[in-house]
file run-v1.cif (mmCIF, C-alpha atoms, pLDDT in the B column; chains and numbers go by the auth columns)
data_work
#
loop_
_atom_site.group_PDB
_atom_site.id
_atom_site.type_symbol
_atom_site.label_atom_id
_atom_site.label_comp_id
_atom_site.label_asym_id
_atom_site.label_seq_id
_atom_site.Cartn_x
_atom_site.Cartn_y
_atom_site.Cartn_z
_atom_site.B_iso_or_equiv
_atom_site.auth_seq_id
_atom_site.auth_asym_id
ATOM 1 C CA MET A 1 -0.145 -17.932 9.815 91.00 18 A
ATOM 2 C CA ILE A 2 -1.705 -14.672 8.664 95.00 19 A
ATOM 3 C CA GLY A 3 -5.266 -15.251 7.440 97.00 20 A
ATOM 4 C CA VAL A 4 -6.212 -13.378 4.268 98.00 21 A
ATOM 5 C CA LEU A 5 -9.628 -12.629 2.787 98.00 22 A
ATOM 6 C CA VAL A 6 -9.514 -11.923 -0.955 98.00 23 A
ATOM 7 C CA VAL A 7 -12.234 -9.524 -2.167 97.00 24 A
ATOM 8 C CA ASP A 8 -12.743 -8.969 -5.898 96.00 25 A
ATOM 9 C CA ASP A 9 -15.865 -8.926 -8.056 95.00 26 A
ATOM 10 C CA ASP A 10 -14.138 -10.894 -10.830 95.00 27 A
ATOM 11 C CA PHE A 11 -14.120 -14.603 -9.964 94.00 28 A
ATOM 12 C CA MET A 12 -11.106 -15.328 -12.175 95.00 29 A
ATOM 13 C CA VAL A 13 -9.092 -12.440 -10.741 94.00 30 A
ATOM 14 C CA SER A 14 -9.878 -13.482 -7.169 95.00 31 A
ATOM 15 C CA ARG A 15 -8.726 -17.007 -8.007 95.00 32 A
ATOM 16 C CA ILE A 16 -5.438 -15.640 -9.377 95.00 33 A
ATOM 17 C CA HIS A 17 -4.897 -13.434 -6.336 96.00 34 A
ATOM 18 C CA ARG A 18 -5.655 -16.368 -4.067 96.00 35 A
ATOM 19 C CA GLY A 19 -2.972 -18.358 -5.856 95.00 36 A
ATOM 20 C CA PHE A 20 -0.505 -15.492 -5.439 95.00 37 A
ATOM 21 C CA VAL A 21 -1.137 -15.278 -1.691 96.00 38 A
ATOM 22 C CA GLU A 22 -0.751 -19.012 -1.219 95.00 39 A
ATOM 23 C CA GLN A 23 2.765 -18.792 -2.704 94.00 40 A
ATOM 24 C CA VAL A 24 3.925 -16.508 0.126 93.00 41 A
ATOM 25 C CA PRO A 25 5.123 -18.368 3.243 92.00 42 A
ATOM 26 C CA GLY A 26 3.308 -17.384 6.413 93.00 43 A
ATOM 27 C CA PHE A 27 0.043 -16.486 4.679 96.00 44 A
ATOM 28 C CA ARG A 28 -3.091 -18.505 4.008 96.00 45 A
ATOM 29 C CA VAL A 29 -6.339 -17.559 2.301 97.00 46 A
ATOM 30 C CA VAL A 30 -9.292 -18.084 4.633 97.00 47 A
ATOM 31 C CA GLY A 31 -11.910 -17.130 2.054 97.00 48 A
ATOM 32 C CA THR A 32 -12.969 -15.044 -0.926 97.00 49 A
ATOM 33 C CA ALA A 33 -15.782 -12.550 -1.469 97.00 50 A
ATOM 34 C CA HIS A 34 -17.119 -10.875 -4.589 97.00 51 A
ATOM 35 C CA THR A 35 -19.286 -8.053 -3.212 97.00 52 A
ATOM 36 C CA GLY A 36 -18.962 -5.576 -0.389 96.00 53 A
ATOM 37 C CA GLN A 37 -21.653 -7.273 1.676 96.00 54 A
ATOM 38 C CA GLU A 38 -20.036 -10.673 1.175 97.00 55 A
ATOM 39 C CA ALA A 39 -16.768 -9.169 2.426 97.00 56 A
ATOM 40 C CA ILE A 40 -18.432 -7.772 5.541 96.00 57 A
ATOM 41 C CA ASP A 41 -20.185 -11.074 6.253 96.00 58 A
ATOM 42 C CA ALA A 42 -16.983 -13.056 5.648 97.00 59 A
ATOM 43 C CA ALA A 43 -15.017 -10.803 7.989 96.00 60 A
ATOM 44 C CA ALA A 44 -17.537 -11.548 10.733 95.00 61 A
ATOM 45 C CA THR A 45 -17.384 -15.322 10.287 96.00 62 A
ATOM 46 C CA LEU A 46 -13.783 -15.896 9.196 96.00 63 A
ATOM 47 C CA ALA A 47 -11.990 -13.186 11.239 95.00 64 A
ATOM 48 C CA PRO A 48 -9.178 -12.577 8.726 97.00 65 A
ATOM 49 C CA ASP A 49 -6.041 -10.725 9.761 96.00 66 A
ATOM 50 C CA LEU A 50 -5.771 -8.999 6.386 97.00 67 A
ATOM 51 C CA ILE A 51 -8.232 -8.195 3.595 97.00 68 A
ATOM 52 C CA LEU A 52 -7.058 -7.746 0.004 97.00 69 A
ATOM 53 C CA LEU A 53 -9.752 -5.324 -1.115 97.00 70 A
ATOM 54 C CA ASP A 54 -10.764 -4.254 -4.594 95.00 71 A
ATOM 55 C CA LEU A 55 -12.359 -0.794 -4.707 94.00 72 A
ATOM 56 C CA TYR A 56 -14.750 -1.391 -7.603 93.00 73 A
ATOM 57 C CA LEU A 57 -17.359 -3.741 -6.169 96.00 74 A
ATOM 58 C CA PRO A 58 -20.871 -4.182 -7.604 96.00 75 A
ATOM 59 C CA ASP A 59 -22.799 -3.110 -4.514 96.00 76 A
ATOM 60 C CA MET A 60 -20.596 -0.498 -2.837 95.00 77 A
ATOM 61 C CA PHE A 61 -17.261 1.292 -3.100 94.00 78 A
ATOM 62 C CA GLY A 62 -14.455 -0.648 -1.465 93.00 79 A
ATOM 63 C CA LEU A 63 -13.583 2.011 1.104 93.00 80 A
ATOM 64 C CA ASP A 64 -17.207 1.990 2.269 95.00 81 A
ATOM 65 C CA VAL A 65 -16.571 -1.625 3.191 96.00 82 A
ATOM 66 C CA VAL A 66 -13.739 -0.454 5.448 94.00 83 A
ATOM 67 C CA VAL A 67 -16.027 2.055 7.152 93.00 84 A
ATOM 68 C CA ARG A 68 -18.653 -0.610 7.828 95.00 85 A
ATOM 69 C CA LEU A 69 -16.047 -3.076 9.077 94.00 86 A
ATOM 70 C CA ARG A 70 -14.741 -0.550 11.592 92.00 87 A
ATOM 71 C CA ALA A 71 -18.269 0.355 12.673 91.00 88 A
ATOM 72 C CA ALA A 72 -18.922 -3.338 13.339 91.00 89 A
ATOM 73 C CA GLY A 73 -15.772 -3.575 15.459 91.00 90 A
ATOM 74 C CA HIS A 74 -13.573 -5.561 13.052 91.00 91 A
ATOM 75 C CA ASP A 75 -9.912 -4.586 13.424 88.00 92 A
ATOM 76 C CA CYS A 76 -8.513 -6.544 10.465 93.00 93 A
ATOM 77 C CA ASP A 77 -5.990 -4.739 8.282 94.00 94 A
ATOM 78 C CA VAL A 78 -6.802 -3.798 4.699 95.00 95 A
ATOM 79 C CA MET A 79 -4.588 -3.741 1.620 94.00 96 A
ATOM 80 C CA VAL A 80 -6.196 -2.130 -1.413 94.00 97 A
ATOM 81 C CA ILE A 81 -5.723 -3.947 -4.727 92.00 98 A
ATOM 82 C CA THR A 82 -7.362 -2.011 -7.525 89.00 99 A
ATOM 83 C CA ALA A 83 -7.177 -0.400 -10.933 87.00 100 A
ATOM 84 C CA ALA A 84 -8.154 2.968 -9.390 82.00 101 A
ATOM 85 C CA LYS A 85 -5.333 5.420 -10.143 78.00 102 A
ATOM 86 C CA GLU A 86 -7.180 8.589 -9.145 78.00 103 A
ATOM 87 C CA ALA A 87 -5.440 10.800 -6.598 75.00 104 A
ATOM 88 C CA ASP A 88 -8.628 11.032 -4.537 81.00 105 A
ATOM 89 C CA ALA A 89 -8.778 7.255 -4.233 82.00 106 A
ATOM 90 C CA VAL A 90 -5.184 7.055 -3.022 82.00 107 A
ATOM 91 C CA ARG A 91 -5.663 9.890 -0.523 82.00 108 A
ATOM 92 C CA SER A 92 -8.921 8.427 0.759 85.00 109 A
ATOM 93 C CA ALA A 93 -7.327 5.009 1.164 86.00 110 A
ATOM 94 C CA VAL A 94 -4.534 6.500 3.255 83.00 111 A
ATOM 95 C CA ARG A 95 -7.076 8.338 5.424 84.00 112 A
ATOM 96 C CA HIS A 96 -8.884 5.045 5.972 87.00 113 A
ATOM 97 C CA GLY A 97 -5.681 3.474 7.266 86.00 114 A
ATOM 98 C CA VAL A 98 -4.955 0.933 4.538 90.00 115 A
ATOM 99 C CA VAL A 99 -1.588 -0.781 4.935 87.00 116 A
ATOM 100 C CA ASN A 100 -0.746 -0.629 1.225 87.00 117 A
ATOM 101 C CA TYR A 101 -2.171 0.245 -2.190 89.00 118 A
ATOM 102 C CA LEU A 102 -1.302 -1.974 -5.150 87.00 119 A
ATOM 103 C CA LEU A 103 -2.382 -1.223 -8.721 86.00 120 A
ATOM 104 C CA LYS A 104 -3.652 -3.895 -11.070 87.00 121 A
ATOM 105 C CA PRO A 105 -2.320 -5.632 -12.997 83.00 122 A
ATOM 106 C CA PHE A 106 0.602 -6.913 -10.954 86.00 123 A
ATOM 107 C CA GLY A 107 2.731 -10.019 -10.638 87.00 124 A
ATOM 108 C CA VAL A 108 3.204 -12.425 -7.787 89.00 125 A
ATOM 109 C CA ASP A 109 6.509 -10.772 -6.820 87.00 126 A
ATOM 110 C CA ASP A 110 4.815 -7.375 -6.466 85.00 127 A
ATOM 111 C CA LEU A 111 2.292 -8.810 -4.036 91.00 128 A
ATOM 112 C CA ARG A 112 4.863 -10.940 -2.237 90.00 129 A
ATOM 113 C CA GLN A 113 6.988 -7.883 -1.483 85.00 130 A
ATOM 114 C CA ARG A 114 4.062 -6.064 0.093 87.00 131 A
ATOM 115 C CA LEU A 115 2.839 -9.067 2.048 91.00 132 A
ATOM 116 C CA GLU A 116 6.312 -9.695 3.453 87.00 133 A
ATOM 117 C CA GLN A 117 6.593 -6.050 4.454 83.00 134 A
ATOM 118 C CA TYR A 118 3.209 -6.264 6.159 87.00 135 A
ATOM 119 C CA ALA A 119 4.264 -9.406 8.011 87.00 136 A
ATOM 120 C CA ARG A 120 7.447 -7.734 9.287 79.00 137 A
ATOM 121 C CA ARG A 121 5.555 -4.719 10.588 77.00 138 A
ATOM 122 C CA ARG A 122 2.878 -6.892 12.150 79.00 139 A
ATOM 123 C CA THR A 123 5.468 -9.067 13.899 71.00 140 A
ATOM 124 C CA GLY A 124 7.443 -6.070 15.081 62.00 141 A
ATOM 125 C CA LEU A 125 4.422 -4.367 16.621 58.00 142 A
ATOM 126 C CA GLY A 126 3.243 -7.634 18.156 57.00 143 A
ATOM 127 C CA GLU A 127 6.530 -8.010 19.997 54.00 144 A
ATOM 128 C CA VAL A 128 6.451 -4.531 21.520 54.00 145 A
ATOM 129 C CA ARG A 129 6.527 -4.379 25.309 67.00 146 A
ATOM 130 C CA VAL A 130 5.330 -1.045 26.651 65.00 147 A
ATOM 131 C CA ARG A 131 6.923 0.000 29.932 73.00 148 A
ATOM 132 C CA ASP A 132 7.240 3.743 29.438 71.00 149 A
ATOM 133 C CA GLN A 133 6.808 6.544 26.928 69.00 150 A
ATOM 134 C CA ALA A 134 10.060 5.647 25.175 69.00 151 A
ATOM 135 C CA ASP A 135 8.652 2.201 24.313 62.00 152 A
ATOM 136 C CA VAL A 136 5.507 3.808 22.919 62.00 153 A
ATOM 137 C CA ASP A 137 7.568 6.214 20.816 61.00 154 A
ATOM 138 C CA ARG A 138 9.698 3.392 19.434 60.00 155 A
ATOM 139 C CA ALA A 139 6.617 1.343 18.544 57.00 156 A
ATOM 140 C CA LEU A 140 5.013 4.262 16.707 53.00 157 A
ATOM 141 C CA ALA A 141 8.260 5.038 14.892 53.00 158 A
ATOM 142 C CA ARG A 142 8.490 1.439 13.759 53.00 159 A
ATOM 143 C CA ALA A 143 4.935 1.464 12.435 51.00 160 A
ATOM 144 C CA ALA A 144 5.563 4.744 10.617 49.00 161 A
ATOM 145 C CA ALA A 145 9.042 3.838 9.402 48.00 162 A
ATOM 146 C CA PRO A 146 8.537 5.208 5.860 47.00 163 A
ATOM 147 C CA THR A 147 8.169 8.757 7.248 44.00 164 A
ATOM 148 C CA ALA A 148 10.784 8.546 9.978 45.00 165 A
ATOM 149 C CA GLY A 149 13.620 11.077 9.853 56.00 166 A
ATOM 150 C CA LEU A 150 11.955 13.470 7.438 67.00 167 A
ATOM 151 C CA PRO A 151 13.917 16.600 6.556 74.00 168 A
ATOM 152 C CA LYS A 152 12.599 19.904 7.802 75.00 169 A
ATOM 153 C CA GLY A 153 9.624 21.108 5.801 80.00 170 A
ATOM 154 C CA LEU A 154 8.358 17.679 4.751 82.00 171 A
ATOM 155 C CA SER A 155 5.168 16.372 6.338 81.00 172 A
ATOM 156 C CA PRO A 156 4.528 12.724 7.322 78.00 173 A
ATOM 157 C CA GLU A 157 1.073 12.804 5.723 75.00 174 A
ATOM 158 C CA THR A 158 2.364 13.890 2.316 85.00 175 A
ATOM 159 C CA ALA A 159 5.330 11.519 2.608 85.00 176 A
ATOM 160 C CA ARG A 160 2.910 8.622 3.018 83.00 177 A
ATOM 161 C CA LEU A 161 0.958 9.725 -0.072 88.00 178 A
ATOM 162 C CA VAL A 162 4.147 9.952 -2.126 90.00 179 A
ATOM 163 C CA GLU A 163 5.276 6.563 -0.900 87.00 180 A
ATOM 164 C CA GLN A 164 1.919 4.993 -1.763 85.00 181 A
ATOM 165 C CA ALA A 165 2.026 6.564 -5.232 88.00 182 A
ATOM 166 C CA LEU A 166 5.535 5.259 -5.849 89.00 183 A
ATOM 167 C CA ARG A 167 4.718 1.792 -4.528 86.00 184 A
ATOM 168 C CA SER A 168 1.630 1.549 -6.721 84.00 185 A
ATOM 169 C CA ALA A 169 3.405 2.689 -9.899 83.00 186 A
ATOM 170 C CA ALA A 170 3.602 -0.081 -12.473 77.00 187 A
ATOM 171 C CA GLU A 171 7.302 0.601 -13.103 83.00 188 A
ATOM 172 C CA THR A 172 8.751 4.050 -12.501 90.00 189 A
ATOM 173 C CA LEU A 173 7.300 7.452 -11.654 91.00 190 A
ATOM 174 C CA SER A 174 8.450 10.979 -12.457 92.00 191 A
ATOM 175 C CA ALA A 175 8.019 13.917 -10.096 93.00 192 A
ATOM 176 C CA ALA A 176 5.411 15.410 -12.446 92.00 193 A
ATOM 177 C CA GLU A 177 3.414 12.180 -12.551 92.00 194 A
ATOM 178 C CA CYS A 178 3.596 11.836 -8.776 92.00 195 A
ATOM 179 C CA ALA A 179 2.454 15.425 -8.347 92.00 196 A
ATOM 180 C CA ASP A 180 -0.562 14.881 -10.610 91.00 197 A
ATOM 181 C CA ARG A 181 -1.459 11.648 -8.858 88.00 198 A
ATOM 182 C CA ILE A 182 -1.639 13.020 -5.318 88.00 199 A
ATOM 183 C CA GLY A 183 -2.349 16.709 -5.951 88.00 200 A
ATOM 184 C CA ILE A 184 0.855 18.508 -4.944 90.00 201 A
ATOM 185 C CA SER A 185 3.360 20.614 -6.878 91.00 202 A
ATOM 186 C CA ARG A 186 6.053 18.990 -8.988 91.00 203 A
ATOM 187 C CA VAL A 187 8.763 20.676 -6.906 92.00 204 A
ATOM 188 C CA SER A 188 7.284 19.267 -3.691 92.00 205 A
ATOM 189 C CA ALA A 189 6.944 15.810 -5.196 92.00 206 A
ATOM 190 C CA ARG A 190 10.588 15.926 -6.266 92.00 207 A
ATOM 191 C CA ARG A 191 11.675 16.750 -2.691 91.00 208 A
ATOM 192 C CA TYR A 192 9.803 13.769 -1.244 91.00 209 A
ATOM 193 C CA LEU A 193 11.037 11.433 -3.974 92.00 210 A
ATOM 194 C CA GLU A 194 14.612 12.583 -3.438 90.00 211 A
ATOM 195 C CA HIS A 195 14.216 11.914 0.285 87.00 212 A
ATOM 196 C CA LEU A 196 13.098 8.366 -0.475 87.00 213 A
ATOM 197 C CA ARG A 197 16.117 7.955 -2.720 84.00 214 A
ATOM 198 C CA ASP A 198 18.511 9.392 -0.128 79.00 215 A
ATOM 199 C CA SER A 199 17.129 7.037 2.517 76.00 216 A
ATOM 200 C CA GLY A 200 17.643 4.016 0.262 75.00 217 A
ATOM 201 C CA ARG A 201 13.971 3.219 -0.278 81.00 218 A
ATOM 202 C CA ALA A 202 13.866 4.332 -3.897 86.00 219 A
ATOM 203 C CA GLU A 203 16.242 4.532 -6.808 88.00 220 A
ATOM 204 C CA VAL A 204 16.380 7.015 -9.637 89.00 221 A
ATOM 205 C CA ARG A 205 16.990 6.375 -13.312 86.00 222 A
ATOM 206 C CA LEU A 206 17.548 8.881 -16.081 84.00 223 A
ATOM 207 C CA ARG A 207 15.454 8.739 -19.249 77.00 224 A
ATOM 208 C CA TYR A 208 16.894 10.397 -22.359 72.00 225 A
ATOM 209 C CA ALA A 209 13.814 9.890 -24.528 63.00 226 A
ATOM 210 C CA VAL A 210 13.568 13.551 -25.553 59.00 227 A
ATOM 211 C CA PRO A 211 16.173 16.262 -26.326 63.00 228 A
ATOM 212 C CA GLY A 212 17.271 18.434 -23.447 62.00 229 A
ATOM 213 C CA ARG A 213 17.621 17.559 -19.776 70.00 230 A
ATOM 214 C CA PRO A 214 17.070 13.894 -18.894 79.00 231 A
ATOM 215 C CA GLU A 215 13.932 12.968 -16.985 83.00 232 A
ATOM 216 C CA HIS A 216 14.391 11.545 -13.501 90.00 233 A
ATOM 217 C CA ARG A 217 12.347 8.361 -13.042 91.00 234 A
ATOM 218 C CA TYR A 218 11.921 6.918 -9.519 93.00 235 A
ATOM 219 C CA ARG A 219 11.298 3.307 -8.544 89.00 236 A
ATOM 220 C CA TRP A 220 10.472 1.858 -5.122 86.00 237 A
ATOM 221 C CA VAL A 221 13.117 -0.644 -4.016 81.00 238 A
ATOM 222 C CA SER A 222 12.647 -1.083 -0.262 61.00 239 A
ATOM 223 C CA GLY A 223 10.293 -3.665 1.211 52.00 240 A
#
call {"tool": "encode", "arguments": {"input": "run-v1.cif", "output": "structure tokens"}}
result
Amino acid sequence: MIGVLVVDDDFMVSRIHRGFVEQVPGFRVVGTAHTGQEAIDAAATLAPDLILLDLYLPDMFGLDVVVRLRAAGHDCDVMVITAAKEADAVRSAVRHGVVNYLLKPFGVDDLRQRLEQYARRRTGLGEVRVRDQADVDRALARAAAPTAGLPKGLSPETARLVEQALRSAAETLSAAECADRIGISRVSARRYLEHLRDSGRAEVRLRYAVPGRPEHRYRWVSG
């Protein structure tokens, strides 16, 4: 069982998220916290495998919790669950090594998909046997699967930002919206989104809401 610590300043929201987690086989909630300090203290006593972390906490910013957890030697994984849509927040979360970034509000299926993906990656890395450099390379490729096989000219770092933006979109995302969210050009965003579509991890829909060329809308489909 994967132990989860739910961190949210809203008691009702944390109760709902706890209920969502408990509907996913293989996961159990080991505790809840409502401030950054409570989260740090709970991590020390409960030793969760995964923290579902809100960014807007009353005593500190959520990513500061991650910094203090790492400084204290806690190696638990962190999944951000927040209403923060700012590009800087997404970029900073990626730099801090979060395993996913989910925007509120969301449904149980949205969270289930991300928890199941996390469980698959965790199991895959746990089963790795390192005998030589090839084993190391395979393990790293598995952990970084979303950016594997990138076309020439696309960077893994930006690919991860685009993926996080698409995953966290409430429904669909256009290239222009993606570009604004993570701070790149619309043309660049379109290239990364098309790569995700070509690799089967996203699908594209056409919106004919306005006269002229239809707008391409992308949606994440791969777990």
call {"tool": "atom_distance", "arguments": {"input": "run-v1.cif", "atom1": "atom CA of A:Val97", "atom2": "atom CA of A:Gly53"}}
result
13.3 Å
call {"tool": "resolve_selection", "arguments": {"input": "run-v1.cif", "expression": "the PyMOL selection byres ((chain A and resi 65) around 6)", "output": "ChimeraX atom specification"}}
result
/A:20-22,63-64,66-67
call {"tool": "axis_aligned_box", "arguments": {"input": "run-v1.cif", "around": "stretch 100-116 of chain A", "padding_each_side": "4 Å", "output": "JSON"}}
result
{"center_x": -5.3, "center_y": 5.1, "center_z": -1.8, "size_x": 15.3, "size_y": 19.8, "size_z": 26.2}
call {"tool": "resolve_selection", "arguments": {"input": "run-v1.cif", "expression": "the PyMOL selection byres ((chain A and resi 188) around 9)", "output": "list in words"}}
result
Leu183, Ser185, Ala186, Ala187, Thr189, Leu190, Tyr235, Arg236 and Trp237 of chain A
call {"tool": "resolve_selection", "arguments": {"input": "run-v1.cif", "expression": "the PyMOL selection byres ((chain A and resi 193-205) around 10)", "output": "compact mmCIF listing (two decimals) with C-alpha atoms, in the frame of the given file"}}
result
# COMPACT_ATOMS: atom_id res chain seq x y z
CA LYS A 102 -5.33 5.42 -10.14
CA GLU A 103 -7.18 8.59 -9.14
CA ALA A 104 -5.44 10.80 -6.60
CA ASP A 105 -8.63 11.03 -4.54
CA ALA A 106 -8.78 7.26 -4.23
CA VAL A 107 -5.18 7.06 -3.02
CA ARG A 108 -5.66 9.89 -0.52
CA GLY A 170 9.62 21.11 5.80
CA LEU A 171 8.36 17.68 4.75
CA THR A 175 2.36 13.89 2.32
CA LEU A 178 0.96 9.72 -0.07
CA VAL A 179 4.15 9.95 -2.13
CA GLU A 180 5.28 6.56 -0.90
CA GLN A 181 1.92 4.99 -1.76
CA ALA A 182 2.03 6.56 -5.23
CA LEU A 183 5.54 5.26 -5.85
CA ALA A 186 3.40 2.69 -9.90
CA THR A 189 8.75 4.05 -12.50
CA LEU A 190 7.30 7.45 -11.65
CA SER A 191 8.45 10.98 -12.46
CA ALA A 192 8.02 13.92 -10.10
CA ALA A 206 6.94 15.81 -5.20
CA ARG A 207 10.59 15.93 -6.27
CA ARG A 208 11.68 16.75 -2.69
CA TYR A 209 9.80 13.77 -1.24
CA LEU A 210 11.04 11.43 -3.97
CA GLU A 211 14.61 12.58 -3.44
CA GLU A 232 13.93 12.97 -16.98
CA HIS A 233 14.39 11.54 -13.50
CA ARG A 234 12.35 8.36 -13.04
CA TYR A 235 11.92 6.92 -9.52
call {"tool": "atom_distance", "arguments": {"input": "run-v1.cif", "atom1": "atom CA of A:Asp126", "atom2": "atom CA of A:Thr52"}}
result
26.2 Å
call {"tool": "atom_distance", "arguments": {"input": "run-v1.cif", "atom1": "atom CA of A:Leu119", "atom2": "atom CA of A:Ala101"}}
result
9.5 Å
call {"tool": "residues_around", "arguments": {"input": "run-v1.cif", "residues": "A:Leu74", "least_positions_apart": "6", "cutoff": "12 Å", "atoms": "all atoms listed in the file", "output": "list of chain:residue names"}}
result
A:Val24, A:Asp25, A:Asp26, A:Asp27, A:Phe28, A:Ala50, A:His51, A:Thr52, A:Gly53, A:Gln54, A:Glu55, A:Ala56, A:Leu80, A:Asp81, A:Val82, A:Ile98, A:Thr99, A:Ala100, A:Ala101
call {"tool": "closest_residue", "arguments": {"input": "run-v1.cif", "among": "A:His212, A:Arg222, A:Arg131, A:Arg45", "to": "A:Arg184", "atoms": "all atoms listed in the file"}}
result
A:Arg131
call {"tool": "closest_residue", "arguments": {"input": "run-v1.cif", "among": "A:Pro168, A:His34, A:Cys93, A:Gly43", "to": "A:Ala136", "atoms": "all atoms listed in the file"}}
result
A:Gly43
call {"tool": "decode", "arguments": {"input": "run-v1.cif", "residues": "stretch 85-92 of chain A", "atoms": "all heavy atoms", "output": "mmCIF file, in the first residue's frame"}}
result
data_model
loop_
_atom_site.group_PDB
_atom_site.id
_atom_site.type_symbol
_atom_site.label_atom_id
_atom_site.label_comp_id
_atom_site.auth_asym_id
_atom_site.auth_seq_id
_atom_site.Cartn_x
_atom_site.Cartn_y
_atom_site.Cartn_z
ATOM 1 N N ARG A 85 11.794 22.327 2.851
ATOM 2 C CA ARG A 85 12.082 21.968 4.242
ATOM 3 C C ARG A 85 12.034 20.459 4.453
ATOM 4 O O ARG A 85 12.796 19.910 5.260
ATOM 5 C CB ARG A 85 11.104 22.690 5.160
ATOM 6 C CG ARG A 85 11.324 24.209 5.158
ATOM 7 C CD ARG A 85 10.351 24.949 6.037
ATOM 8 N NE ARG A 85 10.420 24.540 7.431
ATOM 9 C CZ ARG A 85 9.721 25.101 8.414
ATOM 10 N NH1 ARG A 85 8.904 26.114 8.136
ATOM 11 N NH2 ARG A 85 9.817 24.673 9.654
ATOM 12 N N LEU A 86 11.176 19.773 3.723
ATOM 13 C CA LEU A 86 11.153 18.311 3.803
ATOM 14 C C LEU A 86 12.464 17.717 3.311
ATOM 15 O O LEU A 86 13.027 16.803 3.934
ATOM 16 C CB LEU A 86 9.991 17.758 2.967
ATOM 17 C CG LEU A 86 8.582 17.946 3.525
ATOM 18 C CD1 LEU A 86 7.540 17.525 2.489
ATOM 19 C CD2 LEU A 86 8.394 17.143 4.811
ATOM 20 N N ARG A 87 12.956 18.228 2.193
ATOM 21 C CA ARG A 87 14.218 17.705 1.647
ATOM 22 C C ARG A 87 15.387 18.029 2.582
ATOM 23 O O ARG A 87 16.283 17.206 2.774
ATOM 24 C CB ARG A 87 14.470 18.298 0.258
ATOM 25 C CG ARG A 87 13.398 17.947 -0.774
ATOM 26 C CD ARG A 87 13.322 16.457 -1.032
ATOM 27 N NE ARG A 87 12.263 16.133 -1.993
ATOM 28 C CZ ARG A 87 11.165 15.481 -1.693
ATOM 29 N NH1 ARG A 87 10.954 15.075 -0.444
ATOM 30 N NH2 ARG A 87 10.257 15.223 -2.616
ATOM 31 N N ALA A 88 15.360 19.225 3.156
ATOM 32 C CA ALA A 88 16.434 19.605 4.079
ATOM 33 C C ALA A 88 16.448 18.701 5.307
ATOM 34 O O ALA A 88 17.505 18.434 5.883
ATOM 35 C CB ALA A 88 16.273 21.062 4.492
ATOM 36 N N ALA A 89 15.272 18.217 5.699
ATOM 37 C CA ALA A 89 15.173 17.338 6.869
ATOM 38 C C ALA A 89 15.427 15.874 6.512
ATOM 39 O O ALA A 89 15.391 15.013 7.395
ATOM 40 C CB ALA A 89 13.788 17.473 7.504
ATOM 41 N N GLY A 90 15.664 15.605 5.225
ATOM 42 C CA GLY A 90 16.002 14.246 4.813
ATOM 43 C C GLY A 90 14.825 13.380 4.423
ATOM 44 O O GLY A 90 14.987 12.171 4.212
ATOM 45 N N HIS A 91 13.628 13.965 4.282
ATOM 46 C CA HIS A 91 12.459 13.174 3.879
ATOM 47 C C HIS A 91 12.461 13.010 2.354
ATOM 48 O O HIS A 91 12.551 13.994 1.623
ATOM 49 C CB HIS A 91 11.171 13.859 4.320
ATOM 50 C CG HIS A 91 11.079 14.076 5.803
ATOM 51 N ND1 HIS A 91 11.159 13.040 6.700
ATOM 52 C CD2 HIS A 91 10.927 15.207 6.541
ATOM 53 C CE1 HIS A 91 11.049 13.518 7.934
ATOM 54 N NE2 HIS A 91 10.913 14.831 7.861
ATOM 55 N N ASP A 92 12.339 11.771 1.891
ATOM 56 C CA ASP A 92 12.389 11.526 0.449
ATOM 57 C C ASP A 92 11.023 11.180 -0.129
ATOM 58 O O ASP A 92 10.925 10.611 -1.221
ATOM 59 C CB ASP A 92 13.382 10.422 0.125
ATOM 60 C CG ASP A 92 13.011 9.084 0.763
ATOM 61 O OD1 ASP A 92 12.042 9.045 1.543
ATOM 62 O OD2 ASP A 92 13.696 8.082 0.474
#
